[in-house]
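> Got a structure for you, entry_27.csv, holding CSV, C-alpha atoms and all ligand atoms.
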```
chain,number,residue,atom,x,y,z
A,51,MET,CA,104.5,119.6,-156.6
A,52,LEU,CA,103.8,123.3,-157.3
A,53,LEU,CA,104.2,126.0,-154.7
A,54,PRO,CA,100.9,127.3,-153.4
A,55,ALA,CA,100.1,130.8,-154.7
A,56,HIS,CA,101.8,133.6,-152.7
A,57,ASP,CA,103.2,137.1,-153.1
A,58,TYR,CA,107.0,137.6,-153.1
A,59,VAL,CA,108.4,140.7,-151.5
A,60,LYS,CA,112.1,141.7,-151.5
A,61,PRO,CA,112.7,144.8,-149.4
A,62,ARG,CA,115.8,146.9,-150.0
A,63,THR,CA,116.4,147.6,-146.3
A,64,LEU,CA,115.7,145.9,-143.0
A,65,GLU,CA,113.4,148.8,-141.9
A,66,GLU,CA,111.3,148.3,-145.0
A,67,GLY,CA,111.0,144.6,-144.3
A,68,LEU,CA,110.1,145.2,-140.7
A,69,GLY,CA,107.4,147.5,-141.9
A,70,VAL,CA,105.9,144.7,-143.9
A,71,LEU,CA,106.1,142.4,-140.9
A,72,SER,CA,104.5,144.9,-138.5
A,73,ARG,CA,101.5,145.3,-140.9
A,74,SER,CA,100.9,141.7,-141.7
A,75,GLY,CA,103.4,139.5,-139.7
A,76,ALA,CA,101.1,136.4,-139.3
A,77,ALA,CA,100.5,136.1,-143.0
A,78,VAL,CA,104.2,136.5,-143.9
A,79,ARG,CA,106.9,133.8,-143.9
A,80,LEU,CA,110.6,135.0,-143.9
A,81,LEU,CA,112.7,133.5,-146.7
A,82,GLY,CA,116.4,132.9,-146.1
A,83,GLY,CA,117.9,130.4,-148.5
A,84,GLY,CA,114.5,128.8,-148.9
A,85,THR,CA,115.9,125.3,-148.6
A,86,ASP,CA,113.3,124.3,-146.0
A,87,VAL,CA,110.5,126.8,-146.5
A,88,THR,CA,109.9,125.8,-150.1
A,89,PHE,CA,109.7,122.0,-149.3
A,90,ASN,CA,107.2,122.7,-146.5
A,91,MET,CA,105.1,124.9,-148.8
A,92,ARG,CA,105.1,122.3,-151.5
A,93,ASN,CA,103.8,119.8,-148.9
A,94,ARG,CA,101.2,122.3,-147.8
A,95,LEU,CA,102.6,122.3,-144.3
A,96,MET,CA,102.6,126.1,-144.6
A,97,GLN,CA,100.8,128.3,-147.0
A,98,PRO,CA,101.9,131.9,-146.3
A,99,ALA,CA,100.3,134.7,-148.3
A,100,VAL,CA,103.7,136.4,-148.6
A,101,LEU,CA,107.3,135.3,-148.8
A,102,LEU,CA,109.6,138.0,-147.5
A,103,SER,CA,113.1,137.6,-148.8
A,104,ILE,CA,115.7,138.7,-146.3
A,105,ARG,CA,118.8,137.0,-147.5
A,106,GLU,CA,120.3,140.0,-149.3
A,107,LEU,CA,119.6,142.6,-146.7
A,108,PRO,CA,122.9,144.4,-146.0
A,109,GLU,CA,122.1,144.6,-142.3
A,110,LEU,CA,122.0,140.8,-142.1
A,111,LEU,CA,125.2,140.1,-143.9
A,112,GLY,CA,128.9,139.8,-143.0
A,113,VAL,CA,131.1,138.5,-140.2
A,114,GLU,CA,132.8,141.1,-138.0
A,115,GLU,CA,135.5,140.6,-135.4
A,116,TRP,CA,135.0,142.9,-132.5
A,117,PRO,CA,137.8,144.3,-130.4
A,118,ASP,CA,136.8,142.2,-127.4
A,119,GLY,CA,137.2,139.0,-129.5
A,120,SER,CA,133.5,138.4,-130.2
A,121,LEU,CA,132.3,137.4,-133.6
A,122,ARG,CA,129.2,139.1,-135.0
A,123,ILE,CA,127.6,136.9,-137.6
A,124,GLY,CA,124.8,138.3,-139.8
A,125,ALA,CA,121.8,136.0,-139.9
A,126,ALA,CA,121.7,135.9,-143.7
A,127,CYS,CA,125.3,134.6,-144.0
A,128,ARG,CA,125.4,131.4,-146.0
A,129,LEU,CA,126.5,128.3,-144.2
A,130,ALA,CA,129.0,127.5,-146.9
A,131,ASP,CA,130.7,130.9,-146.4
A,132,LEU,CA,130.7,130.5,-142.6
A,133,ALA,CA,132.1,126.9,-142.7
A,134,ALA,CA,135.1,128.3,-144.7
A,135,HIS,CA,135.4,131.6,-142.9
A,136,GLN,CA,138.9,132.2,-141.6
A,137,ALA,CA,137.9,133.9,-138.3
A,138,VAL,CA,135.3,131.2,-137.5
A,139,ASN,CA,137.8,128.4,-138.2
A,140,SER,CA,140.6,129.9,-136.2
A,141,ARG,CA,138.5,130.9,-133.2
A,142,HIS,CA,135.9,128.2,-133.0
A,143,PRO,CA,136.8,125.2,-135.2
A,144,ALA,CA,134.0,123.1,-133.7
A,145,LEU,CA,131.5,125.7,-134.7
A,146,ALA,CA,132.9,125.7,-138.2
A,147,ALA,CA,132.4,121.9,-138.1
A,148,ALA,CA,128.7,122.4,-137.1
A,149,PHE,CA,128.2,124.8,-140.0
A,150,LYS,CA,129.8,122.2,-142.3
A,151,ALA,CA,127.6,119.4,-140.9
A,152,VAL,CA,124.4,120.8,-142.3
A,153,ALA,CA,123.1,118.9,-145.3
A,154,SER,CA,125.2,119.0,-148.5
A,155,SER,CA,127.4,121.6,-150.1
A,156,HIS,CA,124.6,122.4,-152.6
A,157,VAL,CA,122.2,123.1,-149.7
A,158,ARG,CA,124.9,125.1,-147.7
A,159,ASN,CA,125.5,127.3,-150.7
A,160,MET,CA,121.9,128.5,-150.4
A,161,ALA,CA,121.1,128.0,-146.7
A,162,THR,CA,121.5,130.8,-144.2
A,163,LEU,CA,122.4,130.8,-140.5
A,164,GLY,CA,119.1,132.5,-139.6
A,165,GLY,CA,117.2,129.8,-141.6
A,166,ASN,CA,119.0,127.0,-139.7
A,167,LEU,CA,118.4,128.6,-136.3
A,168,ASN,CA,114.7,128.9,-137.2
A,169,LEU,CA,114.4,125.6,-139.0
A,170,ASP,CA,110.8,124.4,-138.6
A,171,THR,CA,110.5,121.3,-136.3
A,172,ARG,CA,110.2,118.0,-138.1
A,173,CYS,CA,108.2,114.8,-137.6
A,174,TRP,CA,107.8,111.5,-139.4
A,175,TYR,CA,104.1,112.1,-139.6
A,176,ALA,CA,103.9,115.8,-140.5
A,177,ASN,CA,106.8,116.0,-143.0
A,178,GLN,CA,104.9,114.1,-145.7
A,179,THR,CA,102.7,115.1,-148.6
A,180,GLN,CA,99.3,116.6,-147.9
A,181,GLU,CA,97.7,113.5,-149.4
A,182,TRP,CA,99.7,111.2,-147.1
A,183,ARG,CA,98.7,113.3,-144.0
A,184,ALA,CA,95.1,113.5,-145.1
A,185,ALA,CA,94.8,109.7,-145.0
A,186,LYS,CA,95.4,109.8,-141.2
A,187,GLY,CA,93.8,113.2,-140.3
A,188,GLY,CA,95.3,116.3,-138.9
A,189,CYS,CA,97.6,116.7,-135.9
A,190,LEU,CA,98.8,119.4,-133.4
A,191,LYS,CA,101.2,120.8,-136.0
A,192,THR,CA,98.4,121.2,-138.6
A,193,GLY,CA,95.9,122.7,-136.1
A,194,VAL,CA,94.0,119.6,-134.9
A,195,ASP,CA,94.1,118.4,-131.3
A,196,ALA,CA,95.7,115.0,-132.0
A,197,CYS,CA,99.2,113.5,-132.2
A,198,HIS,CA,99.9,110.4,-134.4
A,199,VAL,CA,103.4,109.9,-132.8
A,200,VAL,CA,102.4,109.8,-129.1
A,201,ALA,CA,98.7,109.7,-128.7
A,202,SER,CA,98.6,110.9,-125.1
A,203,VAL,CA,100.6,114.2,-125.6
A,204,LYS,CA,99.1,117.6,-125.6
A,205,THR,CA,102.2,119.4,-126.9
A,206,CYS,CA,103.6,118.7,-130.3
A,207,VAL,CA,106.7,116.4,-130.2
A,208,ALA,CA,108.1,117.3,-133.6
A,209,ILE,CA,111.9,117.5,-133.4
A,210,ASN,CA,114.3,120.4,-133.7
A,211,ASN,CA,116.6,118.9,-136.3
A,212,ALA,CA,118.9,121.9,-136.9
A,213,ASP,CA,122.6,121.2,-136.6
A,214,THR,CA,123.9,124.6,-135.5
A,215,PRO,CA,122.1,125.5,-132.3
A,216,PRO,CA,123.9,123.1,-129.9
A,217,ALA,CA,127.4,124.5,-130.7
A,218,LEU,CA,126.2,128.1,-130.5
A,219,ILE,CA,124.3,127.5,-127.2
A,220,ALA,CA,127.4,125.8,-125.8
A,221,LEU,CA,129.4,128.9,-126.8
A,222,ASP,CA,126.9,131.2,-125.0
A,223,ALA,CA,125.9,132.9,-128.2
A,224,THR,CA,123.4,135.7,-128.1
A,225,ILE,CA,121.0,136.8,-130.8
A,226,THR,CA,119.3,140.0,-131.8
A,227,LEU,CA,115.6,140.1,-132.8
A,228,ALA,CA,114.5,143.2,-134.6
A,229,SER,CA,111.0,144.6,-135.1
A,230,ALA,CA,109.6,147.9,-136.2
A,231,GLY,CA,109.2,148.6,-132.4
A,232,GLY,CA,112.9,148.1,-131.6
A,233,ARG,CA,115.5,145.5,-130.9
A,234,ARG,CA,115.9,142.8,-128.2
A,235,THR,CA,118.9,140.6,-127.3
A,236,LEU,CA,118.6,137.2,-125.8
A,237,ARG,CA,120.7,134.1,-125.2
A,238,LEU,CA,120.2,131.5,-127.9
A,239,ALA,CA,119.7,129.1,-125.0
A,240,ASP,CA,116.5,131.0,-124.1
A,241,TYR,CA,115.3,131.2,-127.7
A,242,TYR,CA,113.8,127.6,-128.0
A,243,ARG,CA,110.6,126.2,-126.6
A,244,ALA,CA,110.0,122.5,-126.2
A,245,ASP,CA,106.9,122.7,-128.4
A,246,GLY,CA,107.1,121.5,-132.0
A,247,VAL,CA,104.4,124.0,-133.1
A,248,THR,CA,105.7,127.3,-131.6
A,249,HIS,CA,109.3,126.2,-131.2
A,250,THR,CA,110.9,129.6,-130.6
A,251,VAL,CA,110.0,132.8,-128.7
A,252,ARG,CA,110.2,134.9,-131.8
A,253,ARG,CA,107.2,137.0,-132.5
A,254,THR,CA,105.7,137.1,-136.0
A,255,ASP,CA,106.8,140.8,-136.4
A,256,GLU,CA,110.5,140.0,-135.6
A,257,VAL,CA,113.5,139.0,-137.7
A,258,LEU,CA,116.6,137.3,-136.2
A,259,THR,CA,119.3,139.7,-137.5
A,260,GLU,CA,122.6,138.6,-136.0
A,261,VAL,CA,124.4,136.1,-133.7
A,262,ILE,CA,127.1,137.3,-131.3
A,263,VAL,CA,129.6,134.6,-130.3
A,264,PRO,CA,131.8,135.7,-127.3
A,265,PRO,CA,135.5,134.7,-127.2
A,266,THR,CA,136.6,131.8,-125.1
A,267,PRO,CA,139.7,129.8,-124.4
A,268,ASP,CA,137.7,126.7,-123.6
A,269,ARG,CA,137.7,123.5,-125.7
A,270,LEU,CA,134.7,122.7,-127.8
A,271,VAL,CA,133.8,119.6,-129.7
A,272,PHE,CA,130.9,119.0,-132.0
A,273,ILE,CA,129.7,115.5,-133.1
A,274,LYS,CA,126.9,114.6,-135.5
A,275,ASP,CA,125.5,111.1,-135.8
A,276,THR,CA,123.6,110.4,-138.9
A,277,ALA,CA,123.1,107.8,-141.7
A,278,ARG,CA,125.2,109.6,-144.3
A,279,LEU,CA,127.3,112.6,-143.4
A,280,GLY,CA,127.1,115.0,-146.3
A,281,ILE,CA,123.3,115.1,-146.8
A,282,ASP,CA,121.2,113.6,-144.1
A,283,PHE,CA,119.5,115.2,-141.1
A,284,ALA,CA,121.0,114.1,-137.7
A,285,TYR,CA,119.9,111.2,-135.6
A,286,GLY,CA,121.5,113.3,-132.8
A,287,THR,CA,124.2,115.9,-132.3
A,288,ILE,CA,126.2,117.1,-129.3
A,289,ALA,CA,128.3,120.1,-128.5
A,290,ALA,CA,130.6,119.7,-125.5
A,291,ARG,CA,132.6,122.5,-123.9
A,292,ARG,CA,135.2,122.3,-121.2
A,293,ALA,CA,137.1,125.1,-119.4
A,294,ALA,CA,140.6,124.8,-118.0
A,295,ASP,CA,139.2,124.5,-114.5
A,296,GLY,CA,137.0,121.5,-115.6
A,297,ARG,CA,133.7,123.3,-115.9
A,298,THR,CA,131.8,121.3,-118.6
A,299,ARG,CA,128.7,122.1,-120.7
A,300,LEU,CA,126.9,119.5,-122.8
A,301,VAL,CA,124.2,120.4,-125.3
A,302,LEU,CA,122.3,117.8,-127.4
A,303,GLY,CA,120.4,118.4,-130.6
A,304,SER,CA,117.9,116.6,-132.8
A,305,LEU,CA,116.6,114.4,-129.9
A,306,GLY,CA,113.6,116.5,-128.9
A,307,PRO,CA,111.5,119.6,-129.8
A,308,ALA,CA,114.3,121.8,-128.5
A,309,PRO,CA,118.1,121.5,-127.9
A,310,VAL,CA,118.7,119.9,-124.5
A,311,VAL,CA,121.3,121.2,-122.0
A,312,LEU,CA,122.3,118.2,-119.9
A,313,ARG,CA,122.6,119.3,-116.3
A,314,ARG,CA,123.4,116.1,-114.4
A,315,ALA,CA,125.9,114.8,-116.8
A,316,ALA,CA,127.7,118.1,-116.9
A,317,VAL,CA,127.9,118.3,-113.1
A,318,ILE,CA,129.4,114.8,-113.0
A,319,ALA,CA,132.0,115.7,-115.6
A,320,THR,CA,132.8,119.0,-113.9
A,321,GLN,CA,133.1,117.7,-110.4
A,322,ARG,CA,134.7,114.3,-110.9
A,323,GLY,CA,136.8,114.7,-114.1
A,324,LEU,CA,137.2,112.7,-117.2
A,325,ALA,CA,138.6,109.4,-116.1
A,326,ASP,CA,136.9,106.5,-118.0
A,327,THR,CA,134.7,105.6,-115.1
A,328,HIS,CA,133.4,109.2,-114.6
A,329,ILE,CA,132.8,109.5,-118.3
A,330,GLU,CA,130.7,106.4,-118.1
A,331,GLU,CA,128.8,107.8,-115.1
A,332,ALA,CA,128.1,111.1,-117.0
A,333,ALA,CA,127.0,109.2,-120.1
A,334,GLU,CA,124.6,107.1,-118.1
A,335,ALA,CA,123.1,110.2,-116.4
A,336,ALA,CA,122.5,111.7,-119.9
A,337,ARG,CA,120.6,108.5,-120.9
A,338,GLU,CA,118.3,108.9,-117.9
A,339,ASP,CA,117.9,112.7,-118.1
A,340,LEU,CA,116.8,113.1,-121.6
A,341,GLY,CA,113.1,112.1,-121.5
A,342,VAL,CA,113.0,111.4,-125.3
A,343,VAL,CA,110.1,110.1,-127.3
A,344,SER,CA,110.0,108.2,-130.6
A,345,ASN,CA,110.0,110.4,-133.6
A,346,LEU,CA,112.0,110.7,-136.8
A,347,TYR,CA,114.0,107.7,-137.8
A,348,THR,CA,114.5,105.9,-134.4
A,349,PRO,CA,112.5,104.7,-131.3
A,350,ALA,CA,112.9,106.3,-127.9
A,351,ALA,CA,115.2,103.5,-126.5
A,352,TYR,CA,117.6,104.1,-129.4
A,353,LYS,CA,117.6,107.8,-128.8
A,354,ARG,CA,118.4,107.3,-125.1
A,355,ASP,CA,121.3,105.0,-126.1
A,356,LEU,CA,122.5,107.5,-128.6
A,357,ALA,CA,122.5,110.3,-126.0
A,358,ARG,CA,124.7,108.1,-123.8
A,359,GLU,CA,127.0,107.3,-126.7
A,360,LEU,CA,127.3,111.0,-127.8
A,361,VAL,CA,128.2,112.1,-124.3
A,362,ARG,CA,130.8,109.3,-124.0
A,363,ARG,CA,132.4,110.2,-127.4
A,364,ALA,CA,132.3,114.0,-126.7
A,365,LEU,CA,133.8,113.8,-123.2
A,366,THR,CA,136.5,111.4,-124.5
A,367,ALA,CA,137.3,113.7,-127.4
A,368,LEU,CA,137.6,116.7,-125.0
A,369,ARG,CA,139.9,114.8,-122.7
A,370,ASP,CA,142.1,113.6,-125.5
A,371,MET,CA,142.4,117.0,-127.3
A,372,PRO,CA,146.1,118.1,-127.5
A,401,LIG,C1,118.3,117.5,-148.7
A,401,LIG,C2,118.3,118.4,-147.4
A,401,LIG,C3,119.1,118.0,-146.4
A,401,LIG,C4,119.1,118.8,-145.2
A,401,LIG,N1,119.9,118.4,-144.2
A,401,LIG,C5,120.0,119.2,-143.1
A,401,LIG,C6,120.9,118.8,-142.0
A,401,LIG,O1,121.7,117.8,-142.1
A,401,LIG,N2,121.0,119.6,-141.0
A,401,LIG,C7,120.2,120.8,-140.8
A,401,LIG,O2,120.3,121.5,-139.8
A,401,LIG,N3,119.3,121.1,-141.8
A,401,LIG,C8,119.2,120.4,-142.9
A,401,LIG,N4,118.3,120.7,-143.9
A,401,LIG,C9,117.4,121.8,-143.7
A,401,LIG,C10,117.8,123.2,-144.2
A,401,LIG,O3,118.3,123.1,-145.5
A,401,LIG,C11,118.8,123.8,-143.4
A,401,LIG,O4,118.4,123.8,-142.0
A,401,LIG,C12,119.1,125.3,-143.7
A,401,LIG,O5,120.1,125.8,-142.9
A,401,LIG,C13,117.8,126.2,-143.7
A,401,LIG,O6,118.3,127.5,-144.0
A,401,LIG,P1,117.5,128.4,-145.1
A,401,LIG,O7,118.2,129.7,-145.1
A,401,LIG,O8,117.4,127.7,-146.4
A,401,LIG,O9,116.1,128.5,-144.4
A,401,LIG,P2,114.7,128.8,-145.0
A,401,LIG,O10,114.1,127.6,-145.7
A,401,LIG,O11,114.8,130.1,-145.8
A,401,LIG,O12,113.9,129.1,-143.7
A,401,LIG,C14,113.7,128.2,-142.6
A,401,LIG,C15,112.8,128.8,-141.5
A,401,LIG,O13,113.5,129.9,-140.9
A,401,LIG,C16,112.8,131.1,-141.0
A,401,LIG,N5,113.8,132.1,-141.1
A,401,LIG,C17,114.8,132.2,-142.1
A,401,LIG,N6,115.6,133.3,-141.8
A,401,LIG,C18,115.1,133.8,-140.6
A,401,LIG,C19,115.6,134.9,-139.8
A,401,LIG,N7,116.6,135.6,-140.1
A,401,LIG,N8,114.8,135.3,-138.7
A,401,LIG,C20,113.7,134.5,-138.4
A,401,LIG,N9,113.3,133.5,-139.1
A,401,LIG,C21,114.0,133.1,-140.2
A,401,LIG,C22,111.9,130.9,-142.2
A,401,LIG,O14,110.8,131.7,-142.1
A,401,LIG,C23,111.6,129.4,-142.1
A,401,LIG,O15,110.5,129.3,-141.1
A,401,LIG,C24,118.3,119.9,-145.1
A,401,LIG,C25,117.5,120.3,-146.2
A,401,LIG,C26,117.5,119.5,-147.4
A,401,LIG,C27,116.7,120.0,-148.5
```
Show the structure stored in the file as structure tokens.

Amino acid sequence: MLLPAHDYVKPRTLEEGLGVLSRSGAAVRLLGGGTDVTFNMRNRLMQPAVLLSIRELPELLGVEEWPDGSLRIGAACRLADLAAHQAVNSRHPALAAAFKAVASSHVRNMATLGGNLNLDTRCWYANQTQEWRAAKGGCLKTGVDACHVVASVKTCVAINNADTPPALIALDATITLASAGGRRTLRLADYYRADGVTHTVRRTDEVLTEVIVPPTPDRLVFIKDTARLGIDFAYGTIAARRAADGRTRLVLGSLGPAPVVLRRAAVIATQRGLADTHIEEAAEAAREDLGVVSNLYTPAAYKRDLARELVRRALTALRDMP
């Protein structure tokens, strides 16, 4: 399938690119590695007038270690480079594992961190060819007031299927959004919206330029459940973090339109500890808390069971870490 006609713009500096966005942001689609955008364009899920390539902008490249121990990761860094990066591996091995979990090595050689954090939401109905979709009619994601996954919903239930947000959210990462009007910083945890159509709070004139990961002595594990590690999108992921005093944080991915921070399960693990019975209790709470719906690969009941299993496996791994 051919790409729809579009202009291709490759600015030399971030300011130049932000100028293009401020003039015609809604007609522009940012291009990182292009591993997702080009698929979606071929399927006519998006037909931007302009593709704005940002992956070689110097301001978006490089990993820096700051004196306070934070890592500053440019949004155009390729996932393959990040998965192998010495500072990422030595400080946050579970984050390196999340980078390495995305797709295949071929894809990671192209794909950028910014592209993964902004990956468009996915749905068994919408992520098909235009002809396939036309047979059933439009949906919320294609501008029609209907959903072919859950007929009663008013908000799109397409899934955030990106592998890297849960680990970065668990690590309290912040991001910078740049526009011609200035810069703003926010917690990655506050970036996502539980709406498959407008799934982040990014404005169309903004670029995500960097991710700051603060230092921590806490333990972190990342687990991805999927059919074939090494190529497939996740059925579900979890990042679990535990401090020396027992404070626990649990973040699930790929089970809804946004990453889910599990509150009740984390409170149980924090307050009662990680004996087998308490892990079971926390895992059961996760199953009830999630509120998942059927979409992508598996039915809702399977997704709830998977959430329970991911929490059980993650808490057990945290407890058994040397
Ligand atoms: C075979 C295959 C398997 C895959 N498996 C996985 C998987 O297992 N896990 C997974 O997470 N993904 C998977 N993907 C999806 C995709 O390849 C990755 O998510 C990848 O990280 C996207 O990065 P990219 O730079 O190529 O994004 P692009 O395709 O360039 O962009 C993706 C989206 O992000 C926006 N964007 C890009 N950079 C920025 C920025 N700096 N600021 C704001 N918006 C930006 C783009 O406009 C676009 O909307 C797979 C893709 C393929 C083809």
> Which residues form the shell of 8 Å around ligand LIG 401 (chain A) when you count only C-alpha atoms and all ligand atoms, given as a ChimeraX atom specification?
/A:79-89,104-105,110,125-126,128-129,151-154,157-158,160-170,211-214,227,252,256-260,279-284
> Report the distance between atom CA of A:Gly306 and atom CA of A:Asn210 in Å, rounded to one decimal place.
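Separation between atom CA of A:Gly306 and atom CA of A:Asn210: 6.2 Å.
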> Would you pick out the contacts of A:Arg337 at 7 Å or less, using all atoms listed in the file, so that residues sharing its chain but fewer than 6 positions from it are not included, and give the list as a list in words?
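My list of contacting residues is Arg354, Asp355, Ala357 and Arg358 of chain A.
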> In Å, with one decimal, what is the gap from atom CA of A:Val203 to atom CA of A:Arg237?
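A separation of 28.3 Å between them.
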> Using all atoms listed in the file, what residues lie at most 12 Å away from (129.2, 120.7, -133.5) (file coordinates), given as a ChimeraX atom specification?
/A:133,142-152,212-221,269-275,284,286-291,300-303,360,364
> Which residue gives the smallest distance to A:Gly341 among A:Val310, A:Ala239, A:Leu107, A:Leu121, with only C-alpha atoms counted?
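Smallest distance to A:Gly341 is found for A:Val310.
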> Which neighbours of A:Thr205 fall inside 8 Å, counting all atoms listed in the file, when residues of the same chain fewer than 2 positions from it are skipped, and could you give them as a list in words?
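Answer for this query is Leu190, Val203, Val207, Asp245 and Gly246 of chain A.
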> From the options A:Leu305, A:Ala244, A:Val251, A:Leu238, which residue's atoms come nearest to A:Pro349, counting all atoms listed in the file?
A:Leu305
> Determine the nearest neighbour of A:Pro309 from the options A:Asn345, A:Asn93, A:Thr235, A:Thr171, counting all atoms listed in the file.
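The answer is A:Thr171, which sits nearest to A:Pro309.
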> What's the separation between atom CA of A:Pro265 and atom CA of A:Gly119, in Å to one decimal place?
5.2 Å
> Let me make sure I understand: among A:Ile318, A:Ile209, A:Ala335, A:Leu111, which one has the smallest atom-to-atom distance to A:Leu132 if we use all atoms listed in the file?
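Nearest to A:Leu132: A:Leu111.
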> Considering all atoms listed in the file, state which residue in the set A:Arg363, A:Arg297, A:Lys191, A:Arg292 is at the smallest distance from A:Thr248.
A:Lys191
> List as a compact mmCIF listing (two decimals) with C-alpha atoms, keeping the file's coordinate frame the protein and nucleic acid residues near A:Lys60, meaning an atom at most 8 Å away when all atoms listed in the file are counted, but skip any in the same chain fewer than 6 places from it.

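Listing of part.txt after writing:
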```
# COMPACT_ATOMS: atom_id res chain seq x y z
CA GLY A 67 111.00 144.60 -144.30
CA LEU A 102 109.60 138.00 -147.50
CA SER A 103 113.10 137.60 -148.80
CA ILE A 104 115.70 138.70 -146.30
```
> From the set A:Gln136, A:Gln321, A:Gln180, A:Ser72, which residue has the shortest atom-to-atom contact distance to A:Asp295, counting all atoms listed in the file?
A:Gln321
> Missing atoms in stretch 353-359 of chain A: fill them in up to all heavy atoms and send the result as an mmCIF file, in the frame of the given file.

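Saved result, rebuild-v1.cif, follows:
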```cif
data_model
loop_
_atom_site.group_PDB
_atom_site.id
_atom_site.type_symbol
_atom_site.label_atom_id
_atom_site.label_comp_id
_atom_site.auth_asym_id
_atom_site.auth_seq_id
_atom_site.Cartn_x
_atom_site.Cartn_y
_atom_site.Cartn_z
ATOM 1 N N LYS A 353 117.161 106.426 -129.033
ATOM 2 C CA LYS A 353 117.600 107.800 -128.800
ATOM 3 C C LYS A 353 118.285 107.951 -127.458
ATOM 4 O O LYS A 353 119.268 108.674 -127.337
ATOM 5 C CB LYS A 353 116.368 108.765 -128.863
ATOM 6 C CG LYS A 353 115.801 108.955 -130.273
ATOM 7 C CD LYS A 353 114.743 110.034 -130.280
ATOM 8 C CE LYS A 353 113.847 109.966 -131.502
ATOM 9 N NZ LYS A 353 114.507 110.115 -132.776
ATOM 10 N N ARG A 354 117.781 107.244 -126.434
ATOM 11 C CA ARG A 354 118.400 107.300 -125.100
ATOM 12 C C ARG A 354 119.853 106.725 -125.211
ATOM 13 O O ARG A 354 120.815 107.271 -124.683
ATOM 14 C CB ARG A 354 117.610 106.604 -124.068
ATOM 15 C CG ARG A 354 116.584 107.519 -123.401
ATOM 16 C CD ARG A 354 116.024 106.913 -122.128
ATOM 17 N NE ARG A 354 115.223 105.734 -122.418
ATOM 18 C CZ ARG A 354 113.936 105.790 -122.800
ATOM 19 N NH1 ARG A 354 113.334 106.957 -122.913
ATOM 20 N NH2 ARG A 354 113.279 104.691 -123.046
ATOM 21 N N ASP A 355 119.972 105.595 -125.893
ATOM 22 C CA ASP A 355 121.300 105.000 -126.100
ATOM 23 C C ASP A 355 122.224 105.913 -126.831
ATOM 24 O O ASP A 355 123.420 106.020 -126.539
ATOM 25 C CB ASP A 355 121.194 103.640 -126.799
ATOM 26 C CG ASP A 355 120.587 102.561 -125.909
ATOM 27 O OD1 ASP A 355 120.453 102.810 -124.685
ATOM 28 O OD2 ASP A 355 120.241 101.486 -126.433
ATOM 29 N N LEU A 356 121.651 106.591 -127.833
ATOM 30 C CA LEU A 356 122.500 107.500 -128.600
ATOM 31 C C LEU A 356 122.947 108.673 -127.794
ATOM 32 O O LEU A 356 124.109 109.097 -127.916
ATOM 33 C CB LEU A 356 121.631 108.015 -129.830
ATOM 34 C CG LEU A 356 122.343 109.012 -130.748
ATOM 35 C CD1 LEU A 356 123.610 108.407 -131.345
ATOM 36 C CD2 LEU A 356 121.412 109.459 -131.861
ATOM 37 N N ALA A 357 122.075 109.187 -126.919
ATOM 38 C CA ALA A 357 122.500 110.300 -126.000
ATOM 39 C C ALA A 357 123.684 109.844 -125.187
ATOM 40 O O ALA A 357 124.675 110.579 -125.035
ATOM 41 C CB ALA A 357 121.338 110.725 -125.148
ATOM 42 N N ARG A 358 123.594 108.639 -124.640
ATOM 43 C CA ARG A 358 124.700 108.100 -123.800
ATOM 44 C C ARG A 358 125.983 108.057 -124.644
ATOM 45 O O ARG A 358 127.052 108.474 -124.211
ATOM 46 C CB ARG A 358 124.329 106.727 -123.292
ATOM 47 C CG ARG A 358 125.450 106.073 -122.505
ATOM 48 C CD ARG A 358 124.997 104.765 -121.904
ATOM 49 N NE ARG A 358 124.578 103.818 -122.934
ATOM 50 C CZ ARG A 358 123.934 102.675 -122.694
ATOM 51 N NH1 ARG A 358 123.630 102.342 -121.454
ATOM 52 N NH2 ARG A 358 123.600 101.873 -123.672
ATOM 53 N N GLU A 359 125.868 107.524 -125.853
ATOM 54 C CA GLU A 359 127.000 107.300 -126.700
ATOM 55 C C GLU A 359 127.633 108.696 -127.132
ATOM 56 O O GLU A 359 128.856 108.860 -127.168
ATOM 57 C CB GLU A 359 126.648 106.508 -127.931
ATOM 58 C CG GLU A 359 127.790 106.150 -128.852
ATOM 59 C CD GLU A 359 128.938 105.416 -128.161
ATOM 60 O OE1 GLU A 359 128.707 104.774 -127.109
ATOM 61 O OE2 GLU A 359 130.072 105.515 -128.658
#
```
